[in-house]
Structures are given as C-alpha cells and as structure tokens.
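Undergrad: Encoded as structure tokens, here's the structure I'll be asking about.
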Amino acid sequence: MNGSTMTHWITAMACIALAGCASTPTATTNSLGMQMVLLPAGEFTMGNAASIETMSALYPAYEPRRLADLADETPAHRVRITRPFYMAKHEVTVGQFRQFVEASGHVPESIADGTGGYGYNAAYDPATAKRGDAFEGRHPRYSWQNPGFAQSDAHPVVNVTWHDAVALARWLSATEGRRYRLPTEAEWEYACRAGTTTQYHSGDAPASLSAVANVFDTDAAANWPDWQAFALPTADGFAFTAPVGQFAPNAFGLHDMHGNVWEWTADWHGAAYYANSPQDDPQGPDAGRVKVRRGGSWHTWPLYARCAYRNWNTQVTRYTLVGIRLVMEAD
C-alpha cells in the first residue's frame with residue numbers, strides 16, 4: 001500500500017470508526033496553532049520481532065552488546081488501539097511553548113528549581129565531566145529558551161521535563177474543554193508505524209531515514225567526530241534541531257516521528273512489561289521510576305531512532321534532546 005492509498009484508507013477508517021466525519025473532523029488546529037490529526041482505531045504488532053542476526057546485518061557498526069541491550073522491545077506482540085484519537089502533526093514548537101508559558105504563568109522546571117538544563121557548548125570537554133555527558137549541564141544558563149544553539153519559534157522546544165509536558169496538556173484541556181494528554185507508548189508506536197512493520201516507517205534500512213528524519217548525520221558528527229562511524233552518511237543541513245515539518249511525513253501525515261527530538265510518553269518504563277501487556281489499549285506499568293520517551297533526536301544514532309526503541313528518564317529530566325508531542329482525545 002503506497003502513501004497516498006494509505007492516507008485515503010486512514011481517512012475512510014476514521015470516518016467508519018466515528019460513524020461519519022461530519023461532526024468529527026479528520027484534522028483540526030487548536031488555540032496554540034497545533035495541527036491535530038485524527039488517527040483511526042486499529043491493530044498492530046508492537047515491539048521488535050527481528051533476530052539478533054537480522055539486526056546485526058542492518059547495523060554492522062554496532063557492538064553485539066548494544067543489540068543485546070534491546071531486550072525490553074520483546075516479545076513483539078499484537079496490540080489493539082480501540083478508540084480513534086488525535087495526535088499532533090508536529091512536535092511542540094518553541095513558539096507554542098512560549099505562548100503557553102505566557103498565557104498560563106507556568107514556570108518550567110529548569111527555571112523553577114534554579115538548576116537549569118543542558119546545552120551545547122563547543123568549548124565543553126565531556127572528559128572533564130563526572131558523567132562524561134555529551135552536553136554541558138545542568139546549568140542555569142540553559143533552559144527551554146537556550147539549549148546552546150540557535151532556534152526559531154518553528155523549532156521543537158527542548159529542555160522540558162515530563163511535568164512541563166503534563167502541565168501544557170492540562171492547561172490546554174482546561175482552556176479548550178477537550179482532553180489533551182501525553183500519548184501512551186502503544187499509541188505512540190502505533191502512530192509512528194502508520195501501518196508499517198519495518199524498523200522505521202520509511203523501511204528497514206537506516207539509509208531510508210535521510211528523507212524522513214533529522215538524526216545524527218554528518219552535519220551533527222562534525223561536532224562529535226568520535227562518533228562518525230554511527231552517523232547516517234548523509235547531510236540534511238541541520239547540525240542541531242530542524243524546524244518542525246522539514247522532512248517527509250509518515251502515512252498518517254505525522255512529521256518527525258523519527259528524530260528531531262525525543263518525545264515524552266505517559267507510561268512508566270517496565271523492562272518486562274511486554275510479556276504481560278494487555279492486548280487492548282495498554283497503559284504501561286502501574287508504577288515505576290522513569291518515564292518512557294520515544295523517537296530519537298537530532299543527536300541520535302539510527303539504531304536508537306527506530307519505531308520500537310524504548311528510552312527513559314526521570315520525570316524531572318530536562319535535556320537538550322527531549323521535547324513534546326501531544327494527543328487530544330476524539331470524544
């Protein structure tokens with residue numbers, strides 16, 4: 001099924017699921033200018049069914065331990081999303097987050113707790129830091145307003161915590177009388193795959209990302225030459241974040257599901273959760289220590305930008321690679 005056919009099928013299935021499109025539009029724009037796209041109910045295989053041998057062939061530059069560390073993506077299992085929902089076409093932008101902050105009075109955590117966030121500093125040497133992190137921080141100079149590189153209002157906001165993302169969703173819900181929230185892991189992967197079963201919605205080959213994603217490529221590797229072997233061997237013109245929507249969308253019409261910035265989800269991370277996950281609308285473990293983020297970023301190696309890859313952080317993490325994409329419930 002090609003992209004055009006898939007788009008028509010999605011629209012038709014959404015109409016059927018909602019008993020007609022007259023009262024439930026397939027797309028809508030909210031008060032912050034976020035374009036929300038209606039996704040139909042559906043079923044898909046969540047997780048990664050590929051063998052170690054297949055993964056080794058796809059990712060020959062990676063040490064075997066990195067491929068063995070992907071066990072929390074298994075077992076691959078069938079999941080049903082039983083209700084249509086809207087998902088933002090793009091990641092939350094700097095301009096949209098600024099509108100929210102100014103209208104709501106919310107003080108982002110990187111500012112409220114005085115410890116700041118993380119940022120790029122060309123003079124920073126990771127070897128001098130206790131954690132050996134690729135970015136400098138935490139430091140008060142860095143926040144959603146300053147990640148250490150230039151951003152316009154059209155770029156995805158970063159250095160936002162899970163709590164900041166939830167605060168945005170709650171404010172939009174109260175302002176518009178609709179329920180906004182973070183996507184569940186299952187909703188996120190369903191939206192990312194958009195009917196595909198491959199490692200990326202663009203195919204199995206990492207090279208396919210060049211048309212659809214801002215990931216770690218030769219532009220970014222110029223600033224981290226030690227990681228050149230893991231860079232996508234193409235240049236997209238963006239050494240850091242790209243304005244949202246610069247790359248081709250998936251069949252659901254969603255941009256940047258791979259790369260640009262990691263996206264918070266609602267779920268706690270559970271390494272063994274997939275083995276006992278319910279088939280219908282899984283919500284993740286009831287409790288945990290860290291929240292899942294998905295999708296990879298402009299600084300992410302292709303292995304870690306796949307549909308099935310799971311990463312996580314504490315709820316107060318603010319980082320120069322992590323942003324937000326929201327869901328709006330359809331009823």
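Note on naming: chains are A, B, ... as they come in the structure tokens, residues start from 1 per chain, ligands start from 1 in the order shown.
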Just list the residues in region 128-278 of chain A DSSP gives helix (DSSP H, G or I) on the backbone, as a PyMOL selection string.

TA: chain A and resi 128+162-176+185-193+206-211+218-221+225-230+273-276

Undergrad: Could those residues be written to a file, using C-alpha atoms, as an mmCIF file, in the first residue's frame?

TA:
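Here's the written file result20.cif:
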```
data_model
loop_
_atom_site.group_PDB
_atom_site.id
_atom_site.type_symbol
_atom_site.label_atom_id
_atom_site.label_comp_id
_atom_site.auth_asym_id
_atom_site.auth_seq_id
_atom_site.Cartn_x
_atom_site.Cartn_y
_atom_site.Cartn_z
ATOM 1 C CA THR A 128 36.071 16.917 32.288
ATOM 2 C CA TRP A 162 7.747 15.331 31.839
ATOM 3 C CA HIS A 163 5.997 17.579 34.369
ATOM 4 C CA ASP A 164 6.241 20.538 31.966
ATOM 5 C CA ALA A 165 4.632 18.415 29.248
ATOM 6 C CA VAL A 166 1.799 17.358 31.555
ATOM 7 C CA ALA A 167 1.276 20.975 32.639
ATOM 8 C CA LEU A 168 0.893 22.005 28.989
ATOM 9 C CA ALA A 169 -1.646 19.240 28.376
ATOM 10 C CA ARG A 170 -3.653 20.165 31.485
ATOM 11 C CA TRP A 171 -3.707 23.847 30.585
ATOM 12 C CA LEU A 172 -4.897 23.135 27.046
ATOM 13 C CA SER A 173 -7.578 20.803 28.432
ATOM 14 C CA ALA A 174 -8.871 23.461 30.810
ATOM 15 C CA THR A 175 -8.653 26.221 28.184
ATOM 16 C CA GLU A 176 -10.348 24.380 25.333
ATOM 17 C CA GLU A 185 3.695 4.064 24.493
ATOM 18 C CA ALA A 186 1.321 1.914 22.460
ATOM 19 C CA GLU A 187 -0.371 4.943 20.885
ATOM 20 C CA TRP A 188 2.999 6.459 20.089
ATOM 21 C CA GLU A 189 4.339 3.349 18.352
ATOM 22 C CA TYR A 190 1.050 2.808 16.502
ATOM 23 C CA ALA A 191 1.225 6.411 15.276
ATOM 24 C CA CYS A 192 4.887 6.115 14.316
ATOM 25 C CA ARG A 193 4.450 2.895 12.349
ATOM 26 C CA PRO A 206 18.877 3.108 8.208
ATOM 27 C CA ALA A 207 19.588 4.997 4.977
ATOM 28 C CA SER A 208 15.822 5.402 4.488
ATOM 29 C CA LEU A 209 15.846 7.903 7.369
ATOM 30 C CA SER A 210 17.521 10.533 5.210
ATOM 31 C CA ALA A 211 14.173 11.551 3.712
ATOM 32 C CA THR A 218 27.472 14.066 9.012
ATOM 33 C CA ASP A 219 26.285 17.570 9.969
ATOM 34 C CA ALA A 220 25.942 16.615 13.641
ATOM 35 C CA ALA A 221 29.031 14.392 13.571
ATOM 36 C CA PRO A 225 33.807 13.307 15.321
ATOM 37 C CA ASP A 226 34.491 10.337 17.609
ATOM 38 C CA TRP A 227 31.005 9.036 16.727
ATOM 39 C CA GLN A 228 31.361 9.435 12.976
ATOM 40 C CA ALA A 229 31.085 5.657 12.438
ATOM 41 C CA PHE A 230 27.497 5.724 13.736
ATOM 42 C CA TYR A 273 6.121 -5.240 30.642
ATOM 43 C CA TYR A 274 5.629 -6.535 27.094
ATOM 44 C CA ALA A 275 5.446 -10.139 28.306
ATOM 45 C CA ASN A 276 2.270 -9.368 30.281
#
```

Undergrad: Identify, on the basis of only C-alpha atoms, every residue whose closest approach to Gly270 (chain A) does not exceed 9 Å; exclude the query and any residue fewer than 5 positions from it along the same chain; express the result as a PyMOL selection string.

TA: chain A and resi 72+284-285+287-288+290

Undergrad: Restricting the output to N, CA and C atoms, write the selected residues as an mmCIF file, in the first residue's frame.

TA:
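Output file selection_25.cif is given in full below:
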```
data_model
loop_
_atom_site.group_PDB
_atom_site.id
_atom_site.type_symbol
_atom_site.label_atom_id
_atom_site.label_comp_id
_atom_site.auth_asym_id
_atom_site.auth_seq_id
_atom_site.Cartn_x
_atom_site.Cartn_y
_atom_site.Cartn_z
ATOM 1 N N ASP A 72 14.134 -5.167 26.061
ATOM 2 C CA ASP A 72 12.848 -4.633 26.515
ATOM 3 C C ASP A 72 11.897 -4.341 25.352
ATOM 4 N N GLY A 284 0.901 0.734 30.201
ATOM 5 C CA GLY A 284 2.185 0.652 30.885
ATOM 6 C C GLY A 284 2.016 0.196 32.323
ATOM 7 N N PRO A 285 3.126 -0.020 33.033
ATOM 8 C CA PRO A 285 3.052 -0.443 34.438
ATOM 9 C C PRO A 285 2.318 0.572 35.302
ATOM 10 N N ALA A 287 3.231 1.604 38.202
ATOM 11 C CA ALA A 287 4.182 2.459 38.911
ATOM 12 C C ALA A 287 5.569 2.228 38.325
ATOM 13 N N GLY A 288 6.486 3.117 38.679
ATOM 14 C CA GLY A 288 7.842 2.971 38.173
ATOM 15 C C GLY A 288 8.723 4.094 38.650
ATOM 16 N N VAL A 290 10.979 5.687 36.123
ATOM 17 C CA VAL A 290 11.296 6.529 34.975
ATOM 18 C C VAL A 290 10.175 6.454 33.939
#
```

Undergrad: Grab the CA of Thr29 (chain A) to CA of Ala242 (chain A) distance for me, in Å with one decimal place.

TA: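 Pair CA of Thr29 (chain A) / CA of Ala242 (chain A) returns 21.5 Å.
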
Undergrad: Counting only C-alpha atoms, what is within 12 Å of Gly323 (chain A), bar same-chain residues fewer than 5 positions away, as a PyMOL selection string?

TA: chain A and resi 90-94+97+144+147+155-166+168+182+241+244+256-257+259-265+293-298+317-318

Undergrad: So that I have them on file, write out the residues from the current selection with C-alpha atoms, as a compact mmCIF listing (two decimals), in the first residue's frame.

TA:
```
# COMPACT_ATOMS: atom_id res chain seq x y z
CA HIS A 90 4.35 18.18 14.72
CA GLU A 91 6.34 18.33 17.91
CA VAL A 92 5.54 21.25 20.21
CA THR A 93 7.49 24.25 18.98
CA VAL A 94 9.39 26.92 20.88
CA PHE A 97 5.53 26.61 24.34
CA TRP A 144 13.89 25.79 27.05
CA PRO A 147 19.80 24.95 24.53
CA HIS A 155 11.93 24.61 16.09
CA PRO A 156 10.85 21.94 18.58
CA VAL A 157 11.13 23.01 22.20
CA VAL A 158 13.71 21.12 24.30
CA ASN A 159 14.88 21.12 27.92
CA VAL A 160 11.29 20.46 29.02
CA THR A 161 10.51 17.92 31.73
CA TRP A 162 7.75 15.33 31.84
CA HIS A 163 6.00 17.58 34.37
CA ASP A 164 6.24 20.54 31.97
CA ALA A 165 4.63 18.42 29.25
CA VAL A 166 1.80 17.36 31.55
CA LEU A 168 0.89 22.01 28.99
CA LEU A 182 0.73 12.58 26.50
CA THR A 241 17.24 20.71 15.66
CA VAL A 244 9.26 21.03 12.53
CA ASP A 256 9.39 13.91 12.76
CA MET A 257 8.22 10.71 14.42
CA GLY A 259 14.44 12.17 15.07
CA ASN A 260 14.48 15.90 15.76
CA VAL A 261 13.61 15.49 19.48
CA TRP A 262 12.72 12.65 21.79
CA GLU A 263 9.04 12.73 22.81
CA TRP A 264 7.73 12.05 26.29
CA THR A 265 5.02 9.41 26.73
CA ARG A 293 10.47 8.68 25.77
CA ARG A 294 10.33 7.70 22.11
CA GLY A 295 11.50 8.54 18.62
CA GLY A 296 15.12 9.63 18.85
CA SER A 297 16.53 13.08 18.19
CA TRP A 298 18.86 15.12 16.01
CA THR A 317 14.86 15.35 33.47
CA ARG A 318 15.33 18.32 31.19
```

Undergrad: List every residue of region 2-241 of chain A that DSSP, applied to the backbone, labels as strand (DSSP E or B), and write the result as a VMD selection string.

TA: chain A and resid 27 to 29 35 to 39 42 to 46 77 to 81 85 to 88 93 117 to 119 136 to 139 143 146 156 180 to 181 200 203 214 217 232

Undergrad: Keeping only N, CA and C atoms, take the residues you just selected and write them out as a compact mmCIF listing (two decimals), in the first residue's frame.

TA:
```txt
# COMPACT_ATOMS: atom_id res chain seq x y z
N ALA A 27 -8.91 16.48 10.83
CA ALA A 27 -7.81 17.32 11.28
C ALA A 27 -8.39 18.60 11.87
N THR A 28 -7.70 19.14 12.85
CA THR A 28 -8.15 20.39 13.46
C THR A 28 -6.95 21.12 14.02
N THR A 29 -7.06 22.43 14.18
CA THR A 29 -5.98 23.25 14.71
C THR A 29 -6.42 23.88 16.02
N GLN A 35 -1.52 21.55 14.90
CA GLN A 35 -2.38 20.82 13.97
C GLN A 35 -2.55 19.40 14.48
N MET A 36 -3.78 19.02 14.78
CA MET A 36 -4.07 17.70 15.34
C MET A 36 -4.70 16.83 14.25
N VAL A 37 -4.15 15.62 14.06
CA VAL A 37 -4.58 14.71 13.01
C VAL A 37 -5.31 13.53 13.63
N LEU A 38 -6.48 13.20 13.10
CA LEU A 38 -7.27 12.09 13.63
C LEU A 38 -6.70 10.76 13.15
N LEU A 39 -6.36 9.90 14.10
CA LEU A 39 -5.88 8.55 13.78
C LEU A 39 -6.98 7.56 14.09
N GLY A 42 -7.20 0.82 15.54
CA GLY A 42 -6.54 -0.18 14.71
C GLY A 42 -5.74 -1.15 15.52
N GLU A 43 -5.08 -2.07 14.84
CA GLU A 43 -4.31 -3.13 15.46
C GLU A 43 -2.93 -3.17 14.80
N PHE A 44 -1.91 -3.48 15.59
CA PHE A 44 -0.55 -3.53 15.05
C PHE A 44 0.31 -4.43 15.92
N THR A 45 1.50 -4.77 15.42
CA THR A 45 2.47 -5.52 16.20
C THR A 45 3.42 -4.54 16.85
N MET A 46 3.44 -4.53 18.18
CA MET A 46 4.28 -3.63 18.96
C MET A 46 5.56 -4.36 19.35
N HIS A 77 4.34 -8.21 20.09
CA HIS A 77 3.00 -8.68 20.48
C HIS A 77 1.94 -7.81 19.82
N ARG A 78 0.78 -8.41 19.60
CA ARG A 78 -0.31 -7.69 18.97
C ARG A 78 -0.99 -6.76 19.98
N VAL A 79 -1.28 -5.55 19.52
CA VAL A 79 -1.94 -4.53 20.35
C VAL A 79 -3.09 -3.94 19.55
N ARG A 80 -4.21 -3.73 20.23
CA ARG A 80 -5.36 -3.05 19.63
C ARG A 80 -5.52 -1.68 20.26
N ILE A 81 -5.58 -0.67 19.42
CA ILE A 81 -5.96 0.68 19.85
C ILE A 81 -7.45 0.77 19.55
N PHE A 85 -8.07 8.65 18.03
CA PHE A 85 -7.55 9.77 18.82
C PHE A 85 -6.81 10.72 17.89
N TYR A 86 -6.70 11.96 18.31
CA TYR A 86 -5.93 12.95 17.57
C TYR A 86 -4.48 12.96 18.10
N MET A 87 -3.55 13.08 17.19
CA MET A 87 -2.15 13.30 17.57
C MET A 87 -1.64 14.52 16.83
N ALA A 88 -0.78 15.29 17.51
CA ALA A 88 -0.21 16.48 16.88
C ALA A 88 0.63 16.10 15.67
N THR A 93 6.42 23.33 19.37
CA THR A 93 7.49 24.25 18.98
C THR A 93 7.84 25.22 20.11
N GLY A 117 19.15 23.56 32.69
CA GLY A 117 19.06 22.37 31.86
C GLY A 117 20.43 22.03 31.30
N TYR A 118 20.43 21.46 30.10
CA TYR A 118 21.67 21.09 29.41
C TYR A 118 21.77 21.87 28.11
N GLY A 119 23.00 22.01 27.61
CA GLY A 119 23.17 22.74 26.37
C GLY A 119 24.46 22.41 25.65
N GLU A 136 26.84 20.05 28.14
CA GLU A 136 27.15 20.73 29.39
C GLU A 136 25.88 20.95 30.21
N GLY A 137 25.96 20.74 31.51
CA GLY A 137 24.81 20.98 32.37
C GLY A 137 24.78 20.00 33.54
N ARG A 138 23.76 20.09 34.40
CA ARG A 138 22.81 21.19 34.40
C ARG A 138 23.50 22.49 34.75
N HIS A 139 22.96 23.56 34.16
CA HIS A 139 23.47 24.89 34.46
C HIS A 139 22.34 25.89 34.21
N SER A 143 18.09 26.39 29.33
CA SER A 143 16.68 26.13 29.62
C SER A 143 15.97 25.92 28.29
N ASN A 146 17.16 28.47 25.92
CA ASN A 146 18.55 28.44 25.45
C ASN A 146 19.13 27.04 25.59
N PRO A 156 11.47 22.64 17.45
CA PRO A 156 10.85 21.94 18.58
C PRO A 156 11.46 22.38 19.91
N TYR A 180 -6.51 16.86 26.54
CA TYR A 180 -5.17 16.68 25.99
C TYR A 180 -4.35 15.87 26.99
N ARG A 181 -3.39 15.12 26.48
CA ARG A 181 -2.51 14.33 27.33
C ARG A 181 -1.31 13.86 26.51
N TYR A 200 11.74 1.36 10.62
CA TYR A 200 11.30 2.75 10.55
C TYR A 200 10.05 2.79 9.69
N GLY A 203 11.07 2.22 6.15
CA GLY A 203 11.68 0.97 5.70
C GLY A 203 12.59 0.38 6.76
N ASN A 214 15.54 13.92 11.03
CA ASN A 214 16.74 14.65 11.42
C ASN A 214 17.39 13.88 12.56
N ASP A 217 23.77 12.70 11.77
CA ASP A 217 24.32 12.52 10.43
C ASP A 217 25.65 13.25 10.35
N LEU A 232 24.54 8.72 10.18
CA LEU A 232 23.93 8.50 8.87
C LEU A 232 24.83 9.19 7.85
```

Undergrad: In Å to one decimal, how far is CA of Gln279 (chain A) from CA of Pro75 (chain A)?

TA: 12.8 Å

Undergrad: Excluding Ala205 (chain A) and its own-chain neighbours fewer than 3 positions away, which residues fall within 12 Å of it when counting only C-alpha atoms? Please give them as JSON, numbers by chain.

TA: {"A": [54, 55, 57, 58, 59, 60, 198, 199, 200, 201, 202, 208, 209, 210, 211, 232, 302, 303, 305, 306]}
